[in-house]
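Q: Supplied structure: target_34.txt, compact mmCIF, C-alpha atoms.
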```txt
# COMPACT_ATOMS: atom_id res chain seq x y z
CA MET A 298 95.70 139.04 90.55
CA ASN A 299 94.36 135.47 90.67
CA GLU A 300 97.60 133.75 89.55
CA PRO A 301 99.46 133.87 92.90
CA ARG A 302 96.45 132.28 94.67
CA ARG A 303 96.28 129.49 92.08
CA THR A 304 99.99 128.77 92.40
CA SER A 305 99.76 128.77 96.20
CA TRP A 306 96.88 126.29 96.11
CA LEU A 307 98.78 123.99 93.76
CA GLY A 308 101.79 124.22 96.03
CA ARG A 309 99.71 123.10 98.99
CA VAL A 310 98.58 120.01 97.07
CA PHE A 311 101.68 119.04 95.07
CA GLY A 312 104.48 120.55 97.18
CA ASP A 313 107.62 120.76 95.04
CA GLY A 314 106.04 118.23 92.65
CA GLU A 315 108.99 115.82 92.80
CA ASN A 316 107.52 113.23 95.20
CA PRO A 317 104.10 111.79 94.19
CA LEU A 318 103.64 110.40 97.69
CA THR A 319 103.08 113.94 98.99
CA TRP A 320 100.42 114.90 96.43
CA SER A 321 97.58 115.40 98.89
CA LEU A 322 94.91 117.83 100.01
CA PRO A 323 94.76 119.06 103.64
CA VAL A 324 91.32 118.33 105.09
CA ALA A 325 91.64 118.65 108.88
CA ARG A 326 93.93 119.79 111.64
CA LEU A 327 93.96 118.06 115.00
CA PRO A 328 96.12 118.91 118.04
CA GLY A 329 99.66 118.37 116.77
CA LEU A 330 98.44 116.53 113.67
CA VAL A 331 97.57 117.55 110.10
CA VAL A 332 95.29 115.19 108.18
CA ARG A 333 95.68 115.11 104.39
CA VAL A 334 93.93 113.02 101.74
CA HIS A 335 96.11 111.70 98.94
CA LEU A 336 94.99 112.21 95.35
CA VAL A 337 94.84 108.43 94.92
CA LEU A 338 92.09 108.25 97.55
CA LEU A 339 90.21 111.09 95.88
CA VAL A 340 90.39 109.31 92.51
CA PHE A 341 89.29 106.05 94.15
CA VAL A 342 86.25 107.78 95.67
CA ALA A 343 85.37 109.41 92.35
CA VAL A 344 85.56 106.09 90.50
CA ARG A 345 83.37 104.35 93.06
CA LEU A 346 80.75 107.10 92.83
CA ILE A 347 80.73 106.87 89.04
CA GLN A 348 80.33 103.10 89.32
CA SER A 349 77.26 103.60 91.50
CA ILE A 350 75.41 104.86 88.39
CA GLN A 351 75.93 101.55 86.60
CA THR A 352 73.46 98.70 86.87
CA GLU A 353 74.21 95.93 89.39
CA GLN A 354 76.25 98.38 91.43
CA ALA A 355 75.30 99.90 94.77
CA GLY A 356 73.31 103.09 94.45
CA LEU A 357 74.73 106.51 95.19
CA VAL A 358 73.52 106.64 98.81
CA PHE A 359 74.92 103.15 99.50
CA GLN A 360 78.25 104.01 97.89
CA ILE A 361 78.60 107.26 99.85
CA ALA A 362 77.87 105.42 103.10
CA GLY A 363 80.46 102.76 102.28
CA LEU A 364 83.10 105.28 101.26
CA VAL A 365 82.59 107.37 104.41
CA GLY A 366 83.07 104.19 106.42
CA LEU A 367 86.27 103.33 104.51
CA VAL A 368 87.78 106.76 105.10
CA LEU A 369 86.89 106.48 108.79
CA LEU A 370 88.60 103.09 109.04
CA VAL A 371 91.70 104.36 107.25
CA PHE A 372 91.84 107.34 109.60
CA MET A 373 91.56 105.11 112.69
CA HIS A 374 94.25 102.80 111.29
CA GLU A 375 96.62 105.71 110.75
CA LEU A 376 95.75 107.30 114.07
CA GLY A 377 96.99 104.10 115.68
CA HIS A 378 100.34 104.61 113.92
CA ALA A 379 100.48 108.25 115.04
CA LEU A 380 99.74 107.49 118.70
CA ALA A 381 102.30 104.67 118.73
CA ALA A 382 104.90 107.00 117.20
CA ARG A 383 104.30 109.60 119.88
CA ARG A 384 104.66 107.01 122.63
CA ALA A 385 107.94 105.91 121.02
CA GLY A 386 109.19 109.50 120.89
CA VAL A 387 109.11 109.72 117.07
CA LEU A 388 107.75 112.85 115.39
CA HIS A 389 104.51 111.99 113.55
CA ASP A 390 102.69 115.26 112.89
CA ARG A 391 100.90 114.41 109.62
CA LEU A 392 98.64 111.74 108.16
CA VAL A 393 98.44 111.25 104.38
CA LEU A 394 95.52 108.88 103.77
CA TRP A 395 95.13 106.52 100.83
CA PRO A 396 92.77 103.51 100.43
CA LEU A 397 95.02 101.07 102.34
CA GLY A 398 96.26 103.31 105.15
CA GLY A 399 98.84 106.07 104.96
CA LEU A 400 101.63 107.11 102.61
CA ASP A 401 103.49 109.32 105.09
CA HIS A 402 104.57 107.75 108.39
CA GLY A 403 106.33 110.83 109.78
CA ASP A 404 109.99 110.84 110.73
CA GLN A 405 112.11 107.70 110.35
CA PRO A 406 112.52 105.91 113.72
CA GLU A 407 116.01 105.72 115.15
CA ARG A 408 115.72 102.11 116.33
CA ALA A 409 114.21 98.93 114.91
CA GLY A 410 112.08 98.42 118.02
CA GLN A 411 110.38 101.77 117.46
CA LEU A 412 109.57 100.82 113.89
CA VAL A 413 108.02 97.51 115.01
CA ARG A 414 105.71 99.22 117.50
CA ILE A 415 104.67 101.91 115.05
CA ALA A 416 104.06 99.53 112.14
CA ALA A 417 102.08 97.05 114.26
CA ALA A 418 99.81 99.71 115.77
CA GLY A 419 97.68 100.16 112.63
CA PRO A 420 96.77 96.47 112.12
CA PHE A 421 96.19 96.22 115.88
CA VAL A 422 93.39 98.78 115.55
CA ASN A 423 91.81 96.67 112.79
CA LEU A 424 92.12 93.56 114.96
CA LEU A 425 90.27 95.33 117.78
CA LEU A 426 87.43 96.19 115.39
CA LEU A 427 87.23 92.72 113.83
CA ALA A 428 85.07 90.91 116.38
CA PRO A 429 82.57 93.77 117.07
CA LEU A 430 81.97 94.41 113.36
CA ALA A 431 81.58 90.69 112.59
CA ALA A 432 79.07 90.37 115.45
CA LEU A 433 77.09 93.35 114.13
CA VAL A 434 76.96 91.87 110.63
CA LEU A 435 75.71 88.55 111.99
CA TRP A 436 73.13 90.27 114.22
CA MET A 437 71.75 92.49 111.44
CA THR A 438 71.78 89.95 108.60
CA GLY A 439 71.80 86.55 110.29
CA SER A 440 74.20 85.38 107.56
CA TRP A 441 77.51 83.68 108.30
CA GLU A 442 78.26 83.98 104.56
CA LEU A 443 78.43 87.75 104.95
CA VAL A 444 80.78 87.41 107.94
CA PHE A 445 83.15 84.97 106.24
CA PHE A 446 83.40 85.51 102.50
CA ALA A 447 86.06 84.62 99.93
CA PRO A 448 88.28 87.54 98.81
CA PHE A 449 87.29 87.14 95.17
CA GLY A 450 83.66 86.66 96.22
CA TYR A 451 83.51 90.25 97.42
CA GLN A 452 81.06 91.38 94.73
CA ASP A 453 78.64 88.53 95.45
CA ALA A 454 78.74 89.30 99.17
CA ALA A 455 78.19 93.00 98.45
CA ARG A 456 75.10 92.27 96.36
CA ALA A 457 73.72 90.06 99.11
CA ALA A 458 74.32 92.79 101.71
CA LEU A 459 72.49 95.33 99.53
CA THR A 460 69.28 93.34 99.85
CA GLU A 461 69.40 93.76 103.66
CA GLY A 462 68.96 97.54 103.58
CA LEU A 463 71.15 100.59 104.10
CA GLY A 464 72.02 99.91 107.76
CA ALA A 465 73.08 96.34 107.11
CA TRP A 466 75.03 97.42 104.02
CA LEU A 467 76.91 100.06 106.00
CA VAL A 468 77.85 97.62 108.77
CA TRP A 469 78.88 94.95 106.25
CA SER A 470 80.99 97.41 104.22
CA LEU A 471 82.75 98.49 107.43
CA HIS A 472 83.44 94.84 108.20
CA ALA A 473 84.64 94.06 104.66
CA ASN A 474 86.86 97.15 104.43
CA ASN A 475 88.31 96.45 107.87
CA LEU A 476 89.20 92.92 106.72
CA MET A 477 90.74 94.36 103.55
CA LEU A 478 92.92 96.80 105.50
CA LEU A 479 94.01 94.07 107.92
CA ALA A 480 94.77 91.49 105.23
CA PHE A 481 96.74 93.79 102.92
CA ASN A 482 98.76 95.35 105.73
CA LEU A 483 99.69 92.02 107.31
CA LEU A 484 100.06 89.74 104.27
CA VAL A 485 101.64 91.90 101.54
CA PRO A 486 105.32 92.61 102.43
CA MET A 487 105.54 95.81 100.43
CA PRO A 488 106.11 99.37 101.64
CA PRO A 489 104.16 101.48 102.49
CA LEU A 490 102.04 98.59 103.81
CA ASP A 491 102.77 97.60 107.39
CA ALA A 492 104.06 94.12 106.51
CA GLY A 493 106.77 95.80 104.44
CA ARG A 494 107.71 97.97 107.44
CA LEU A 495 107.85 94.90 109.69
CA VAL A 496 110.19 93.18 107.21
CA GLN A 497 112.36 96.28 107.31
CA ALA A 498 112.38 96.28 111.14
CA ALA A 499 113.32 92.58 111.32
CA ALA A 500 116.20 93.01 108.85
CA TRP A 501 117.27 96.22 110.62
CA ARG A 502 117.49 94.38 113.93
CA LEU A 503 119.55 91.55 112.39
CA ARG A 504 121.71 93.36 109.83
CA GLY A 505 121.51 97.10 110.53
CA GLU A 506 119.47 99.99 109.18
CA THR A 507 121.03 100.03 105.71
CA GLN A 508 120.38 96.33 105.06
CA GLY A 509 116.89 96.71 106.53
CA ALA A 510 115.96 99.43 104.06
CA ARG A 511 117.56 97.54 101.16
CA LEU A 512 115.83 94.24 101.96
CA SER A 513 112.40 95.80 102.46
CA GLY A 514 112.80 97.60 99.13
CA VAL A 515 113.82 94.46 97.22
CA VAL A 516 111.09 92.32 98.80
CA GLY A 517 108.60 95.12 98.13
CA LEU A 518 109.52 95.23 94.44
CA ILE A 519 108.99 91.47 94.18
CA ALA A 520 105.65 91.72 95.99
CA ALA A 521 104.59 94.59 93.72
CA ALA A 522 105.37 92.50 90.63
CA VAL A 523 103.32 89.57 91.97
CA LEU A 524 100.44 91.87 92.92
CA ALA A 525 100.47 93.47 89.47
CA ALA A 526 100.38 90.04 87.81
CA VAL A 527 97.41 89.00 89.95
CA GLY A 528 95.65 92.24 89.11
CA LEU A 529 96.15 91.71 85.39
CA VAL A 530 95.00 88.08 85.49
CA ALA A 531 91.97 88.82 87.67
CA ASN A 532 91.19 92.06 85.80
CA GLU A 533 91.40 94.01 89.07
CA THR A 534 92.66 97.50 88.24
CA ALA A 535 92.71 98.41 91.93
CA LEU A 536 95.39 95.78 92.58
CA LEU A 537 97.41 97.12 89.68
CA GLY A 538 97.25 100.64 91.11
CA ILE A 539 98.33 99.41 94.54
CA ALA A 540 101.24 97.55 92.94
CA ILE A 541 102.41 100.69 91.13
CA ILE A 542 102.42 102.74 94.33
CA GLY A 543 104.13 99.92 96.24
CA ALA A 544 106.81 99.61 93.56
CA PHE A 545 107.52 103.34 93.76
CA VAL A 546 107.83 103.30 97.56
CA SER A 547 109.98 100.15 97.43
CA TRP A 548 112.29 101.78 94.91
CA GLN A 549 112.60 104.75 97.29
CA GLU A 550 113.66 102.37 100.06
CA VAL A 551 116.37 100.89 97.84
CA ALA A 552 117.57 104.41 97.02
CA ARG A 553 117.57 105.32 100.73
CA ALA A 554 119.64 102.21 101.49
CA ARG A 555 122.14 103.28 98.85
CA PHE A 556 122.36 106.70 100.50
CA LEU A 557 122.76 105.20 103.99
CA GLY A 558 125.39 102.80 102.67
CA VAL A 559 127.67 105.68 101.70
CA GLY A 560 128.36 106.36 105.35
CA ASP A 561 128.94 102.68 106.10
CA THR A 562 131.85 102.31 103.67
CA GLU A 563 135.28 102.85 105.20
CA TRP A 564 137.76 104.35 102.77
CA THR A 565 141.37 103.42 103.33
CA PRO A 566 143.86 105.42 101.24
CA VAL A 567 146.65 103.61 99.43
CA PRO A 568 149.90 104.57 101.15
CA ASP A 569 152.60 106.36 99.21
CA PRO A 570 155.62 104.00 98.86
CA ALA A 571 157.90 106.91 99.61
CA GLU A 572 156.16 107.37 102.99
CA ILE A 573 156.44 103.74 104.04
CA THR A 574 158.95 103.30 106.81
CA ASP A 575 160.44 100.02 107.79
CA THR A 576 159.33 99.14 111.29
CA GLU A 577 161.44 95.99 111.50
CA GLY A 578 164.71 96.05 113.37
CA PRO A 579 168.16 95.35 111.83
CA PRO A 580 168.53 91.88 110.33
CA ASP A 581 170.34 89.03 112.07
CA GLY A 582 174.13 89.15 111.59
CA GLN A 583 174.42 85.48 110.66
CA GLU A 584 171.79 85.94 107.95
CA VAL A 585 173.74 88.85 106.52
CA ASP A 586 176.96 86.79 106.52
CA ARG A 587 175.15 83.96 104.70
CA ILE A 588 173.90 86.35 102.00
CA LEU A 589 177.37 87.86 101.54
CA SER A 590 178.84 84.38 101.16
CA LYS A 591 176.20 83.60 98.54
CA ILE A 592 177.14 86.71 96.63
CA SER A 593 180.80 85.79 96.61
CA GLU A 594 180.02 82.28 95.40
CA GLN A 595 177.10 82.79 92.98
CA GLY A 596 177.04 86.49 92.25
CA LEU A 597 174.65 89.31 93.10
CA GLU A 598 172.02 88.20 90.57
CA SER A 599 171.44 84.98 92.55
CA LEU A 600 169.77 86.83 95.42
CA SER A 601 166.03 86.61 95.97
CA GLU A 602 163.88 89.67 96.61
CA GLU A 603 163.71 88.85 100.30
CA GLU A 604 167.52 88.55 100.51
CA ARG A 605 167.95 91.88 98.74
CA ARG A 606 165.57 93.51 101.28
CA VAL A 607 167.64 92.03 104.13
CA LEU A 608 170.79 93.61 102.65
CA ASP A 609 169.02 96.95 102.23
CA ARG A 610 167.96 96.88 105.87
CA ALA A 611 171.49 95.97 107.00
CA SER A 612 172.91 98.81 104.90
CA ALA A 613 170.39 101.28 106.34
CA ALA A 614 171.15 100.15 109.90
CA GLY A 615 174.88 100.60 109.29
CA THR A 616 174.31 104.10 107.88
CA ASP A 617 172.19 105.13 110.91
CA HIS A 618 174.99 104.16 113.18
```
As structure tokens - that is how I would like this structure written.
A:
Amino acid sequence: MNEPRRTSWLGRVFGDGENPLTWSLPVARLPGLVVRVHLVLLVFVAVRLIQSIQTEQAGLVFQIAGLVGLVLLVFMHELGHALAARRAGVLHDRLVLWPLGGLDHGDQPERAGQLVRIAAAGPFVNLLLLAPLAALVLWMTGSWELVFFAPFGYQDAARAALTEGLGAWLVWSLHANNLMLLAFNLLVPMPPLDAGRLVQAAAWRLRGETQGARLSGVVGLIAAAVLAAVGLVANETALLGIAIIGAFVSWQEVARARFLGVGDTEWTPVPDPAEITDTEGPPDGQEVDRILSKISEQGLESLSEEERRVLDRASAAGTDH
């Protein structure tokens, strides 16, 4: 009796199981929009909560506050994409959230201009939040070091923010996560990140949709390899996980380009020699006389292929008449 319910629940999370990008859990339904959380985001949250138990890590309350803020930022980022898609007339009825934005951008736009507007809308939301969040951090902590911090100095900045209390920590984590979303989506040219989509739109505008998908996939694979190398050198497993997902999505783009390219190839059948008809008119009479004189002087074997074709055409013209 319980087996059908279990299978139905698994189907809602994994779908047909063939595409890992759709492995997500529905969490909310808005007017015309279903919000889902990808399993990668759930695993990320679980790891961060487990880390909160360790020494020198933020406590459980601090981690929960930071993670709630991250999910809120990701949702706002993706909502920007969804609203831009609707304004462009592109169906975008679902959001699949992961730590750096969304893994499902709805239907594929029909024009490069639509893709530019949709891809740029998410980072634009982060840009709008940048100044207010930075001002709040400065007001609550009085520290410019917590407003401007080096990417690999994130842990030091986080420990400094912890000493300012829960409110300051929450504001700083919102600021830091907003910077992270903005930087990754504008600087890493790898699908599903927005920079990868902008590369695709630029190539689409210049070379067509097929070349746009192919180029964004190839560039994304290169970016994923670089990101994975940086993650291994810096011992950042999060970067390695992002690189794996980016490589998978980039490979999908290359495969989609191969599929689109099938329709771009024009197939021209090789004509049957028996069906080829001579469209040239009868040869010049003087040329025929010259060839006949050559035969009488040098023999039939002295004729070139072109001269033989001239004789064939003259013979066919004589037969038609």
Q: Please identify all polymer residues within 9 Å of Ala554 of chain A, counting all atoms listed in the file, omitting same-chain residues fewer than 4 positions from it, and present them as a list in words.
A: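 My reading of the contact set: Glu506, Thr507, Gln508, Gly509, Ala510, Arg511, Leu512, Gly514, Gln549, Glu550, Gly558 and Val559 of chain A.
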Q: Go ahead and find all residues with at least one atom no further than 10 Å from (73.0, 88.4, 106.8) in the file's coordinates, using all atoms listed in the file; report them as a list in words.
A: Leu433, Val434, Leu435, Trp436, Met437, Thr438, Gly439, Ser440, Trp441, Glu442, Leu443, Val444, Ala454, Ala457, Ala458, Thr460, Glu461, Ala465, Trp466 and Trp469 of chain A
Q: Compile the contact shell of Leu370 of chain A as a PDB file with C-alpha atoms, in the coordinates of the input: residues with an atom at most 8 Å away, counting all atoms listed in the file, same-chain residues fewer than 3 positions apart removed.
A:
```pdb
ATOM      1  CA  GLY A 366      83.070 104.190 106.420  1.00  0.00           C
ATOM      2  CA  LEU A 367      86.270 103.330 104.510  1.00  0.00           C
ATOM      3  CA  MET A 373      91.560 105.110 112.690  1.00  0.00           C
ATOM      4  CA  HIS A 374      94.250 102.800 111.290  1.00  0.00           C
ATOM      5  CA  LEU A 471      82.750  98.490 107.430  1.00  0.00           C
ATOM      6  CA  ASN A 474      86.860  97.150 104.430  1.00  0.00           C
ATOM      7  CA  ASN A 475      88.310  96.450 107.870  1.00  0.00           C
TER       8      ASN A 475
END
```
Q: List as number ranges by chain the protein and nucleic acid residues near Phe359 of chain A, meaning an atom at most 8 Å away when only C-alpha atoms are counted, but skip any in the same chain fewer than 2 places from it.
A: A: 355-357, 361-363, 463, 466-467
Q: Would you pick out the contacts of Val342 of chain A at 8 Å or less, using all atoms listed in the file, so that residues sharing its chain but fewer than 4 positions from it are not included, and give the list as a ChimeraX atom specification?
A: /A:338,346,364
Q: Here is a test: counting all atoms listed in the file, which residue of A:Val515, A:Val387, A:Leu426, A:Ala418 is nearest to Val551 of chain A?
A: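 Once distances to Val551 of chain A are computed over all atoms listed in the file, the minimum belongs to A:Val515.
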Q: Between A:Gly386, A:Pro323, A:Gly399, A:Gly528, which has the minimum distance to Phe372 of chain A (counting all atoms listed in the file)?
A: A:Gly399
Q: My list of candidates is A:Phe446, A:Val324, A:Leu424, A:Ala417. Which is closest to Arg391 of chain A when distances are computed with all atoms listed in the file?
A: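 Going through A:Phe446, A:Val324, A:Leu424, A:Ala417 one by one, the smallest distance to Arg391 of chain A is for A:Val324.
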Q: Can you measure atom CA of Leu330 of chain A to atom CA of Ala409 of chain A for me? One decimal in Å is fine.
A: 23.7 Å
Q: When you draw a straight line from atom CA of Gln452 of chain A to atom CA of Leu336 of chain A, how long is it in Å?
A: 25.1 Å
